[in-house]
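Quick look at my_file05.txt (compact mmCIF, C-alpha atoms):
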```txt
# COMPACT_ATOMS: atom_id res chain seq x y z
CA MET A 14 23.84 15.68 -11.71
CA ASN A 15 27.24 16.09 -13.31
CA ILE A 16 29.02 14.18 -16.03
CA ASN A 17 31.62 12.62 -13.73
CA THR A 18 29.08 10.91 -11.46
CA PHE A 19 27.16 9.92 -14.59
CA ILE A 20 30.26 8.18 -15.97
CA GLU A 21 31.01 6.56 -12.61
CA LYS A 22 27.51 5.10 -12.47
CA ILE A 23 27.85 3.58 -15.94
CA GLU A 24 31.29 2.16 -15.22
CA ALA A 25 30.06 0.68 -11.93
CA GLU A 26 27.35 -1.17 -13.83
CA PHE A 27 29.72 -2.66 -16.39
CA ASP A 28 31.92 -5.21 -14.65
CA GLU A 29 33.85 -5.54 -17.90
CA LEU A 30 35.12 -1.94 -17.84
CA GLU A 31 38.14 -0.77 -15.88
CA PRO A 32 37.37 2.48 -14.03
CA GLY A 33 38.63 5.38 -16.12
CA THR A 34 37.91 3.66 -19.46
CA LEU A 35 34.99 5.95 -20.22
CA GLN A 36 35.69 9.59 -21.02
CA LYS A 37 33.31 12.33 -22.13
CA GLU A 38 34.34 11.83 -25.75
CA THR A 39 34.36 8.01 -25.67
CA SER A 40 32.22 6.49 -28.39
CA PHE A 41 30.70 3.81 -26.19
CA LYS A 42 29.37 1.68 -29.06
CA ASP A 43 32.93 1.28 -30.37
CA LEU A 44 34.17 -0.31 -27.16
CA ASP A 45 35.27 -3.92 -27.66
CA GLU A 46 32.99 -5.01 -24.83
CA TRP A 47 29.89 -3.30 -26.26
CA SER A 48 26.82 -5.47 -26.94
CA SER A 49 23.04 -5.16 -27.08
CA MET A 50 23.09 -6.21 -23.43
CA HIS A 51 24.97 -3.04 -22.56
CA ALA A 52 22.44 -0.95 -24.43
CA LEU A 53 19.69 -2.42 -22.28
CA ILE A 54 21.71 -1.93 -19.11
CA ILE A 55 22.25 1.75 -19.98
CA ILE A 56 18.54 2.23 -20.68
CA ALA A 57 17.62 0.54 -17.37
CA LEU A 58 20.25 2.48 -15.42
CA ILE A 59 19.14 5.85 -16.76
CA ASP A 60 15.48 5.04 -16.14
CA THR A 61 16.21 3.92 -12.56
CA GLU A 62 18.69 6.65 -11.58
CA TYR A 63 17.39 9.66 -13.53
CA ASP A 64 13.79 8.74 -14.33
CA VAL A 65 14.43 9.34 -18.04
CA VAL A 66 13.27 6.72 -20.54
CA LEU A 67 15.57 6.39 -23.54
CA THR A 68 14.69 4.17 -26.49
CA GLY A 69 16.87 1.88 -28.54
CA GLU A 70 16.62 4.46 -31.34
CA ASP A 71 17.98 7.17 -29.02
CA LEU A 72 21.04 5.05 -28.36
CA THR A 73 21.55 4.33 -32.06
CA ARG A 74 21.52 8.05 -32.77
CA LEU A 75 24.01 8.97 -30.03
CA SER A 76 27.70 8.26 -30.16
CA SER A 77 29.67 9.77 -27.27
CA VAL A 78 29.17 9.53 -23.53
CA GLU A 79 28.70 13.31 -23.51
CA ASP A 80 25.83 13.04 -26.07
CA LEU A 81 24.19 10.55 -23.75
CA TYR A 82 24.66 12.79 -20.72
CA THR A 83 23.26 15.80 -22.59
CA ILE A 84 20.08 14.05 -23.68
CA VAL A 85 19.44 12.73 -20.15
CA LYS A 86 19.94 16.24 -18.74
CA GLU A 87 17.60 17.76 -21.34
CA ARG A 88 14.81 15.27 -20.67
CA LYS A 89 15.10 15.26 -16.90
CA MET B 15 21.62 -33.66 6.30
CA GLY B 16 18.46 -33.02 4.26
CA TYR B 17 17.80 -34.51 0.83
CA ILE B 18 15.54 -33.35 -1.98
CA ASN B 19 13.98 -36.72 -2.72
CA ALA B 20 11.02 -36.00 -4.98
CA ILE B 21 9.34 -33.17 -6.89
CA SER B 22 6.03 -33.03 -8.74
CA TYR B 23 4.25 -30.04 -10.17
CA TYR B 24 0.91 -28.99 -11.53
CA PHE B 25 -0.23 -26.42 -14.09
CA PRO B 26 -3.81 -25.15 -14.46
CA GLU B 27 -5.64 -26.31 -17.62
CA ASP B 28 -5.90 -22.85 -19.20
CA PHE B 29 -2.99 -21.06 -20.79
CA ILE B 30 -2.61 -17.67 -22.43
CA SER B 31 -0.77 -17.04 -25.70
CA ASN B 32 1.04 -13.84 -26.65
CA GLN B 33 -1.80 -13.11 -29.08
CA ASP B 34 -4.36 -13.40 -26.24
CA ILE B 35 -2.38 -10.92 -24.13
CA ILE B 36 -2.13 -8.38 -26.95
CA LYS B 37 -5.86 -8.68 -27.65
CA ASP B 38 -6.76 -7.99 -24.01
CA TYR B 39 -4.22 -5.18 -23.84
CA GLN B 40 -5.86 -3.43 -26.79
CA VAL B 41 -9.22 -3.59 -25.01
CA PHE B 42 -8.06 -2.47 -21.56
CA ALA B 43 -5.06 -0.19 -22.09
CA LYS B 44 -5.74 3.51 -22.28
CA GLN B 45 -2.75 4.17 -24.57
CA LYS B 46 -4.15 2.45 -27.64
CA GLU B 47 -1.40 3.77 -29.88
CA LYS B 48 1.18 1.34 -28.46
CA ARG B 49 1.32 -1.52 -30.92
CA ILE B 50 3.24 -4.68 -30.31
CA THR B 51 3.32 -7.99 -32.14
CA ALA B 52 3.36 -11.46 -30.58
CA ASP B 53 6.91 -11.90 -31.82
CA GLU B 54 8.10 -8.62 -30.26
CA LEU B 55 6.50 -9.69 -27.00
CA TYR B 56 8.37 -13.00 -27.23
CA GLN B 57 11.69 -11.23 -27.85
CA GLN B 58 11.29 -9.31 -24.58
CA ASN B 59 11.13 -12.35 -22.32
CA TRP B 60 11.34 -15.53 -24.45
CA ILE B 61 7.94 -16.70 -23.25
CA ARG B 62 5.26 -18.03 -25.63
CA LYS B 63 2.75 -19.38 -23.18
CA ARG B 64 1.82 -19.01 -19.50
CA TYR B 65 -0.78 -20.69 -17.32
CA GLN B 66 -3.81 -19.10 -15.72
CA ALA B 67 -5.83 -20.66 -12.93
CA LYS B 68 -9.62 -20.31 -13.02
CA LEU B 69 -10.99 -17.65 -10.68
CA SER B 70 -12.25 -20.30 -8.26
CA VAL B 71 -8.84 -22.02 -8.08
CA THR B 72 -6.28 -20.71 -5.58
CA ALA B 73 -2.55 -21.21 -5.07
CA LYS B 74 -3.37 -23.70 -2.32
CA ASP B 75 -5.45 -25.74 -4.80
CA LEU B 76 -2.56 -25.84 -7.30
CA GLY B 77 -0.24 -26.88 -4.46
CA ASN B 78 -2.65 -29.62 -3.39
CA TYR B 79 -2.77 -31.03 -6.92
CA ALA B 80 1.04 -31.08 -7.01
CA ALA B 81 1.14 -32.78 -3.59
CA LYS B 82 -1.32 -35.48 -4.70
CA LYS B 83 0.90 -36.08 -7.73
CA ILE B 84 4.05 -36.38 -5.61
CA PHE B 85 2.48 -39.16 -3.51
CA LEU B 86 1.46 -41.05 -6.66
CA GLU B 87 4.40 -40.41 -8.97
CA TRP B 88 7.11 -41.12 -6.39
CA ASP B 89 5.28 -43.77 -4.38
CA ILE B 90 5.38 -41.78 -1.15
CA ASP B 91 3.23 -42.71 1.84
CA LYS B 92 1.50 -39.51 2.88
CA ASP B 93 1.54 -40.71 6.49
CA ASP B 94 5.31 -40.20 6.42
CA VAL B 95 4.84 -36.43 6.14
CA GLU B 96 5.54 -34.79 9.49
CA TYR B 97 5.63 -31.14 8.52
CA ILE B 98 4.04 -28.98 5.79
CA ILE B 99 5.64 -25.77 4.59
CA PHE B 100 3.48 -23.74 2.23
CA VAL B 101 5.35 -20.98 0.40
CA SER B 102 3.31 -18.40 -1.49
CA ASP B 103 2.46 -14.74 -1.89
CA ALA B 104 -1.18 -15.84 -2.37
CA LEU B 105 -2.32 -17.24 0.96
CA GLU B 106 -5.95 -18.31 1.46
CA TYR B 107 -6.62 -16.01 4.43
CA LYS B 108 -4.90 -13.74 6.91
CA GLY B 109 -5.88 -16.59 9.25
CA PRO B 110 -5.88 -19.55 9.48
CA THR B 111 -2.51 -20.61 8.15
CA THR B 112 -2.95 -22.11 4.66
CA ALA B 113 -0.65 -25.04 5.51
CA CYS B 114 -3.14 -26.03 8.26
CA ILE B 115 -5.94 -26.27 5.68
CA ILE B 116 -3.64 -28.32 3.43
CA GLN B 117 -3.28 -30.90 6.23
CA ASN B 118 -7.01 -31.55 6.05
CA ASP B 119 -7.26 -31.29 2.24
CA LEU B 120 -4.56 -33.94 1.75
CA GLY B 121 -5.68 -36.13 4.65
CA LEU B 122 -2.32 -35.88 6.39
CA LYS B 123 -1.92 -36.97 10.00
CA THR B 124 -3.07 -34.48 12.63
CA THR B 125 0.35 -34.76 14.26
CA VAL B 126 1.96 -32.70 11.43
CA GLY B 127 3.44 -29.25 11.92
CA ALA B 128 2.28 -26.61 9.44
CA ILE B 129 3.57 -23.15 8.56
CA ASP B 130 3.26 -20.65 5.74
CA ILE B 131 6.17 -18.68 4.38
CA LEU B 132 5.14 -15.47 2.66
CA HIS B 133 7.72 -15.19 -0.08
CA GLY B 134 7.79 -14.95 -3.87
CA CYS B 135 10.66 -15.76 -6.19
CA THR B 136 13.13 -16.56 -3.39
CA GLY B 137 10.47 -18.73 -1.74
CA PHE B 138 11.73 -22.15 -2.82
CA VAL B 139 15.18 -21.45 -1.33
CA TYR B 140 13.56 -20.27 1.93
CA GLY B 141 11.37 -23.36 2.04
CA LEU B 142 14.35 -25.66 1.47
CA SER B 143 16.40 -23.93 4.17
CA ILE B 144 13.63 -24.20 6.79
CA ALA B 145 12.92 -27.83 5.82
CA ASN B 146 16.63 -28.62 6.08
CA ALA B 147 16.88 -26.86 9.46
CA LEU B 148 13.93 -28.87 10.82
CA ILE B 149 15.59 -32.08 9.67
CA VAL B 150 19.16 -31.29 10.73
CA SER B 151 17.96 -30.24 14.20
CA GLY B 152 16.23 -33.59 14.54
CA GLN B 153 12.69 -32.25 14.88
CA VAL B 154 11.24 -34.22 11.95
CA ASN B 155 12.38 -36.58 9.19
CA ASN B 156 10.06 -35.75 6.27
CA VAL B 157 8.90 -32.30 5.19
CA LEU B 158 6.39 -31.64 2.42
CA LEU B 159 7.37 -28.30 0.87
CA ILE B 160 4.68 -26.77 -1.34
CA THR B 161 5.54 -23.71 -3.42
CA ALA B 162 2.58 -22.33 -5.36
CA ASP B 163 1.37 -19.01 -6.63
CA THR B 164 -1.32 -17.39 -8.77
CA PRO B 165 0.16 -14.10 -9.98
CA THR B 166 -2.38 -13.84 -12.83
CA LYS B 167 -5.08 -12.93 -10.28
CA ILE B 168 -3.32 -9.70 -9.33
CA ILE B 169 -2.27 -8.52 -12.78
CA HIS B 170 -4.43 -6.11 -14.71
CA PRO B 171 -4.89 -6.88 -18.43
CA SER B 172 -3.52 -3.43 -19.32
CA ASP B 173 -0.18 -4.35 -17.68
CA ILE B 174 1.07 -6.20 -20.75
CA GLU B 175 4.63 -6.57 -19.50
CA LEU B 176 3.66 -8.28 -16.24
CA ARG B 177 1.00 -10.36 -17.91
CA SER B 178 3.44 -11.65 -20.50
CA ILE B 179 5.86 -12.85 -17.78
CA PHE B 180 3.90 -14.35 -14.91
CA SER B 181 2.25 -17.74 -14.78
CA ASP B 182 0.28 -19.82 -12.24
CA ALA B 183 1.59 -23.16 -10.96
CA GLY B 184 2.15 -25.33 -7.92
CA ALA B 185 5.09 -27.56 -7.01
CA ALA B 186 5.52 -30.10 -4.23
CA THR B 187 8.95 -31.16 -2.97
CA LEU B 188 9.71 -33.88 -0.43
CA VAL B 189 12.69 -33.08 1.78
CA SER B 190 13.84 -35.94 4.03
CA ASN B 191 16.64 -37.00 6.36
CA GLN B 192 17.60 -39.92 4.10
CA LYS B 193 17.39 -40.91 0.43
CA ILE B 194 14.43 -42.85 -0.94
CA LYS B 195 14.29 -45.66 -3.48
CA GLU B 196 14.43 -44.27 -7.03
CA GLY B 197 14.21 -40.70 -5.80
CA ILE B 198 15.99 -37.52 -6.88
CA ASN B 199 18.14 -37.93 -3.75
CA ALA B 200 20.18 -34.72 -3.90
CA SER B 201 21.69 -33.56 -0.62
CA LEU B 202 21.32 -29.94 0.47
CA GLY B 203 24.41 -27.81 1.00
CA LYS B 204 24.86 -24.52 2.81
CA PHE B 205 22.52 -21.61 2.24
CA THR B 206 23.07 -17.93 1.69
CA PHE B 207 20.50 -15.14 1.78
CA GLY B 208 20.13 -11.46 1.10
CA THR B 209 17.49 -8.83 1.75
CA ASP B 210 17.02 -5.21 0.71
CA GLY B 211 13.71 -3.89 1.98
CA SER B 212 14.35 -0.49 0.41
CA GLY B 213 13.00 -2.14 -2.75
CA GLU B 214 9.52 -2.47 -1.18
CA HIS B 215 7.93 -0.25 -3.83
CA LEU B 216 9.84 -1.62 -6.84
CA LEU B 217 7.86 -4.84 -6.87
CA LYS B 218 4.78 -5.21 -4.71
CA VAL B 219 1.12 -6.12 -4.66
CA GLU B 220 -0.53 -2.81 -3.87
CA ARG B 221 -3.84 -2.76 -1.96
CA SER B 222 -3.43 -6.38 -0.95
CA GLY B 223 -2.98 -6.26 2.81
CA THR B 224 -3.19 -4.03 5.87
CA ARG B 225 -1.16 -1.12 4.41
CA HIS B 226 -3.61 0.89 2.27
CA PRO B 227 -6.18 -1.89 1.89
CA ALA B 228 -8.40 -1.86 -1.21
CA ASP B 229 -11.39 0.43 -0.74
CA VAL B 230 -14.59 0.69 -2.78
CA GLU B 231 -13.30 3.61 -4.80
CA TRP B 232 -10.08 1.79 -5.76
CA LEU B 233 -11.94 -1.36 -6.70
CA ARG B 234 -14.49 0.51 -8.83
CA GLN B 235 -11.86 1.23 -11.51
CA PHE B 236 -11.74 -2.50 -12.29
CA LEU B 237 -15.50 -3.02 -12.71
CA ASN B 238 -15.14 -4.18 -16.30
CA ASP B 239 -12.15 -6.40 -15.71
CA ARG B 240 -12.34 -10.17 -15.58
CA HIS B 241 -11.48 -10.53 -11.91
CA ASN B 242 -11.65 -6.94 -10.62
CA ASN B 243 -8.18 -7.23 -9.05
CA LEU B 244 -9.91 -8.16 -5.81
CA GLY B 245 -6.64 -9.34 -4.29
CA GLY B 246 -4.71 -6.18 -5.16
CA ARG B 247 -2.56 -5.21 -8.13
CA LEU B 248 0.99 -6.23 -8.88
CA ILE B 249 3.24 -3.34 -9.80
CA MET B 250 6.85 -3.57 -10.95
CA LYS B 251 9.45 -0.98 -11.81
CA SER B 252 11.02 -3.22 -14.42
CA SER B 253 14.21 -1.23 -15.10
CA ALA B 254 15.14 -1.28 -11.43
CA ILE B 255 14.31 -4.98 -11.07
CA PHE B 256 16.37 -5.79 -14.18
CA LEU B 257 19.38 -3.97 -12.70
CA PHE B 258 18.79 -5.59 -9.31
CA ALA B 259 18.91 -9.06 -10.87
CA LEU B 260 21.97 -8.26 -12.98
CA ARG B 261 23.81 -6.88 -9.95
CA THR B 262 22.67 -9.37 -7.33
CA VAL B 263 22.76 -12.80 -8.94
CA PRO B 264 26.51 -12.82 -9.78
CA ARG B 265 27.29 -11.75 -6.18
CA LEU B 266 24.97 -14.39 -4.80
CA VAL B 267 26.65 -17.10 -6.88
CA LYS B 268 30.10 -15.87 -5.84
CA LYS B 269 29.16 -15.97 -2.16
CA LEU B 270 27.72 -19.48 -2.47
CA LEU B 271 30.89 -20.73 -4.15
CA GLU B 272 32.96 -19.08 -1.41
CA ILE B 273 31.10 -20.65 1.51
CA GLU B 274 31.27 -24.06 -0.15
CA ASN B 275 34.92 -23.55 -1.11
CA LEU B 276 34.17 -24.29 -4.77
CA SER B 277 34.95 -22.62 -8.08
CA GLN B 278 32.44 -21.92 -10.85
CA ASN B 279 33.89 -24.85 -12.83
CA ASP B 280 32.86 -27.25 -10.06
CA ILE B 281 29.18 -26.53 -10.76
CA SER B 282 27.56 -28.89 -13.29
CA PHE B 283 24.33 -26.93 -13.72
CA PHE B 284 22.88 -23.59 -12.71
CA ILE B 285 19.15 -23.39 -12.03
CA LEU B 286 18.11 -19.82 -11.38
CA HIS B 287 14.60 -18.64 -10.70
CA GLN B 288 12.98 -18.57 -14.15
CA ALA B 289 12.23 -14.86 -14.13
CA ASN B 290 12.56 -13.78 -17.77
CA GLY B 291 14.38 -15.69 -20.49
CA GLN B 292 16.19 -12.74 -21.98
CA MET B 293 17.31 -11.46 -18.59
CA LEU B 294 18.52 -14.93 -17.57
CA ASP B 295 20.58 -15.08 -20.75
CA PHE B 296 22.16 -11.70 -19.89
CA ILE B 297 23.10 -13.02 -16.46
CA ARG B 298 24.49 -16.20 -18.01
CA LYS B 299 26.63 -14.25 -20.49
CA ARG B 300 27.91 -11.88 -17.79
CA MET B 301 28.93 -14.85 -15.67
CA LYS B 302 30.38 -16.70 -18.67
CA ILE B 303 28.38 -19.85 -17.98
CA PRO B 304 28.06 -22.21 -21.00
CA SER B 305 24.43 -22.40 -22.13
CA GLU B 306 24.38 -26.21 -21.84
CA GLN B 307 25.02 -25.84 -18.09
CA PHE B 308 22.41 -23.13 -17.58
CA ILE B 309 18.86 -24.41 -17.40
CA VAL B 310 16.14 -22.25 -18.95
CA ASN B 311 12.66 -23.78 -19.37
CA ILE B 312 10.57 -20.60 -19.41
CA GLU B 313 9.39 -20.64 -23.05
CA GLU B 314 6.29 -22.83 -22.62
CA ILE B 315 5.79 -22.19 -18.87
CA GLY B 316 6.39 -18.54 -17.94
CA ASN B 317 7.58 -17.20 -14.58
CA THR B 318 5.83 -19.33 -11.95
CA VAL B 319 7.28 -17.41 -8.94
CA SER B 320 8.22 -19.80 -6.10
CA ALA B 321 7.39 -22.88 -8.21
CA SER B 322 9.87 -22.09 -11.01
CA ILE B 323 13.04 -23.63 -9.52
CA PRO B 324 11.48 -26.98 -8.49
CA ILE B 325 9.75 -27.27 -11.88
CA ALA B 326 13.04 -26.69 -13.73
CA LEU B 327 14.89 -29.04 -11.37
CA CYS B 328 12.27 -31.77 -11.78
CA ASP B 329 12.27 -31.49 -15.59
CA ALA B 330 16.08 -31.61 -15.74
CA PHE B 331 16.07 -34.69 -13.49
CA ARG B 332 13.47 -36.42 -15.67
CA GLU B 333 15.54 -35.59 -18.77
CA ASN B 334 18.44 -37.48 -17.10
CA LYS B 335 20.66 -34.41 -17.09
CA PHE B 336 22.23 -35.19 -13.73
CA SER B 337 24.96 -37.75 -12.99
CA GLN B 338 26.50 -39.01 -9.80
CA GLY B 339 28.73 -36.31 -8.31
CA ASP B 340 27.00 -33.38 -10.00
CA LYS B 341 26.66 -30.17 -8.06
CA VAL B 342 23.71 -27.99 -9.01
CA LEU B 343 23.46 -24.38 -7.93
CA LEU B 344 19.95 -23.10 -7.13
CA ALA B 345 19.31 -19.35 -6.82
CA GLY B 346 16.13 -17.38 -6.21
CA PHE B 347 15.73 -13.59 -6.37
CA GLY B 348 12.90 -11.10 -6.55
CA ILE B 349 10.15 -9.46 -4.55
CA GLY B 350 11.29 -8.20 -1.14
CA LEU B 351 13.76 -7.42 -2.49
CA SER B 352 15.13 -10.76 -1.58
CA TRP B 353 17.62 -13.35 -2.79
CA GLY B 354 19.01 -16.67 -1.68
CA GLY B 355 20.67 -19.83 -2.89
CA THR B 356 22.14 -23.22 -2.16
CA ILE B 357 24.17 -25.91 -3.92
CA ILE B 358 22.73 -29.42 -4.05
CA ASN B 359 24.78 -32.56 -4.57
CA PHE B 360 23.90 -35.69 -6.50
CA GLU B 361 25.97 -38.06 -4.41
```
Encoding of this model in structure tokens:
Amino acid sequence: MNINTFIEKIEAEFDELEPGTLQKETSFKDLDEWSSMHALIIIALIDTEYDVVLTGEDLTRLSSVEDLYTIVKERK
Amino acid sequence: MGYINAISYYFPEDFISNQDIIKDYQVFAKQKEKRITADELYQQNWIRKRYQAKLSVTAKDLGNYAAKKIFLEWDIDKDDVEYIIFVSDALEYKGPTTACIIQNDLGLKTTVGAIDILHGCTGFVYGLSIANALIVSGQVNNVLLITADTPTKIIHPSDIELRSIFSDAGAATLVSNQKIKEGINASLGKFTFGTDGSGEHLLKVERSGTRHPADVEWLRQFLNDRHNNLGGRLIMKSSAIFLFALRTVPRLVKKLLEIENLSQNDISFFILHQANGQMLDFIRKRMKIPSEQFIVNIEEIGNTVSASIPIALCDAFRENKFSQGDKVLLAGFGIGLSWGGTIINFE
């Protein structure tokens, strides 16, 4: 896995996001579109695609897309 | 053109509360450290109560009760029925066809046609489309469509997530070539379908058929369980199913609107398969559908598989939600993976 495909997968899941909106350093929770629904979508996407189960607490702790990518890579 | 003229439904007497589910889970689950409260369970799916048929009662029985109610409640002469479609993932046997047995149970004429459709949450849409095709092609005028299932028989008490969602029920729908007096009388529009069999293992009843049938060793693990999972065990990869629903339903709705040349604003009400309250609300928000136009009745009923759409449609009709000219979008999605929909018109 690499961070670019990881970002593409997340963007593909969020109809609300224009491709290219998410960058490694983007703080995803600060996006205008962000909601608890998106947190659940991210958890489901990562479980389905990478077989890694994140919790709501994990997401609260993380801020950037890169943080998210790193934790998925570590736990995989 | 086919019309949905009448719907009646039936729930078993027994229901299970969130507290009951947690209690059983603590007895049967191996990971005892996982603690969950009734309220947390409710927050996951917005369900407080679901029905459970007795071990001796099958999906066919629930369907028969619903059919007897439809004859009474809507003043329908059962001799008018020319064709029975039974939709379920819980058939009586691998043979004979369950719909054939229903003919005898209900005392319908021996001139009726009878088929089963093995489908789950998309089952009502499939049943409607076949009933409509039989009518439009002039083969028959009145089809009794029975959608019934008993998912609680194939869920192990340690599977708290599945147990909290699924519920047993039967629904009977009369589809005819013309309207009836004081009926629902909604005409059927075009249908659209979708199938992705690569999702076979995301949601299935393992050890329930000819592929890896249940053997003595597999069954032995359930010796202390209430029903021993004799009909197999339902398994679901919930993250993948959640994403599937979130991805598929908006596309399904879009395609339906396209083939009918309508816009989302032309739809008065959306009745989706009542899968999970929280998930339905996500879909609603994503599609920007106002909550008053989006019917959710899952709280006191649960996910009744192929019976969920007719139950919600019947309740909304009885609550006088529909007016002349309303268009109501019906959409089913789930095991298969499978999806399908249609738009009905209150003319």
Counting all atoms listed in the file, chain B residues within 10 Å of chain A, as a VMD selection string: chain B and resid 251 to 257 260 to 261 292 to 293 295 to 297 299 to 300
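Proximity to stretch 224-239 of chain B at 12 Å, evaluated using all atoms listed in the file and with sequence-adjacent residues fewer than 3 positions away removed, yields Asp38, Tyr39, Val41, Phe42, Ala43, Lys108, Lys167, Ile168, Ile169, His170, Pro171, Ser172, Lys218, Val219, Glu220, Arg221, Asn242, Asn243, Leu244, Gly245, Gly246 and Arg247 of chain B.
Using only C-alpha atoms, the residues found no farther than 9 Å from B:Ser212, other than those of its own chain fewer than 4 positions away, are Leu216, Gly350 and Leu351 of chain B.
With atom CA of B:Ile273 on one side and atom CA of B:Lys204 on the other, the separation reads 7.5 Å.
Take atom CA of B:Leu159 and atom CA of B:Ile349: the distance between them is 19.8 Å.
Shell of stretch 84-86 of chain B at 8 Å, with all atoms listed in the file counted and residues fewer than 5 places along the chain excluded, is B:Ala20, B:Ile21, B:Ser22, B:Tyr23, B:Asp91, B:Lys92, B:Ala186, B:Thr187.
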Point-to-point distance from atom CA of A:Asp80 to atom CA of A:Tyr63, Å rounded to tenths: 15.5 Å
Repair of stretch 295-312 of chain B at the level of N, CA and C atoms, as a short mmCIF file (atom, residue, chain, number, x, y, z; two decimals), in the coordinates of the input:
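What follows is the written file selection_32.cif:
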```cif
data_model
loop_
_atom_site.label_atom_id
_atom_site.label_comp_id
_atom_site.auth_asym_id
_atom_site.auth_seq_id
_atom_site.Cartn_x
_atom_site.Cartn_y
_atom_site.Cartn_z
N ASP B 295 19.49 -14.92 -19.80
CA ASP B 295 20.58 -15.08 -20.75
C ASP B 295 21.64 -13.99 -20.56
N PHE B 296 21.20 -12.77 -20.22
CA PHE B 296 22.16 -11.70 -19.89
C PHE B 296 23.03 -12.12 -18.72
N ILE B 297 22.38 -12.62 -17.67
CA ILE B 297 23.10 -13.02 -16.46
C ILE B 297 24.10 -14.13 -16.81
N ARG B 298 23.62 -15.09 -17.61
CA ARG B 298 24.49 -16.20 -18.01
C ARG B 298 25.74 -15.70 -18.75
N LYS B 299 25.51 -14.77 -19.71
CA LYS B 299 26.63 -14.25 -20.49
C LYS B 299 27.61 -13.47 -19.60
N ARG B 300 27.06 -12.67 -18.70
CA ARG B 300 27.91 -11.88 -17.79
C ARG B 300 28.77 -12.80 -16.95
N MET B 301 28.20 -13.94 -16.56
CA MET B 301 28.93 -14.85 -15.67
C MET B 301 29.73 -15.89 -16.45
N LYS B 302 29.63 -15.78 -17.79
CA LYS B 302 30.38 -16.70 -18.67
C LYS B 302 30.08 -18.16 -18.35
N ILE B 303 28.80 -18.47 -18.21
CA ILE B 303 28.38 -19.85 -17.98
C ILE B 303 27.96 -20.44 -19.33
N PRO B 304 28.48 -21.60 -19.72
CA PRO B 304 28.06 -22.21 -21.00
C PRO B 304 26.56 -22.50 -20.99
N SER B 305 25.90 -22.27 -22.13
CA SER B 305 24.43 -22.40 -22.13
C SER B 305 23.97 -23.82 -21.80
N GLU B 306 24.81 -24.84 -22.13
CA GLU B 306 24.38 -26.21 -21.84
C GLU B 306 24.39 -26.52 -20.34
N GLN B 307 25.01 -25.63 -19.55
CA GLN B 307 25.02 -25.84 -18.09
C GLN B 307 24.04 -24.91 -17.38
N PHE B 308 23.28 -24.18 -18.15
CA PHE B 308 22.41 -23.13 -17.58
C PHE B 308 20.98 -23.45 -18.00
N ILE B 309 20.18 -23.88 -17.05
CA ILE B 309 18.86 -24.41 -17.40
C ILE B 309 17.82 -23.29 -17.53
N VAL B 310 17.21 -23.21 -18.71
CA VAL B 310 16.14 -22.25 -18.95
C VAL B 310 14.96 -23.02 -19.54
N ASN B 311 13.83 -23.04 -18.86
CA ASN B 311 12.66 -23.78 -19.37
C ASN B 311 11.43 -22.89 -19.44
N ILE B 312 11.65 -21.58 -19.57
CA ILE B 312 10.57 -20.60 -19.41
C ILE B 312 9.64 -20.51 -20.62
#
```
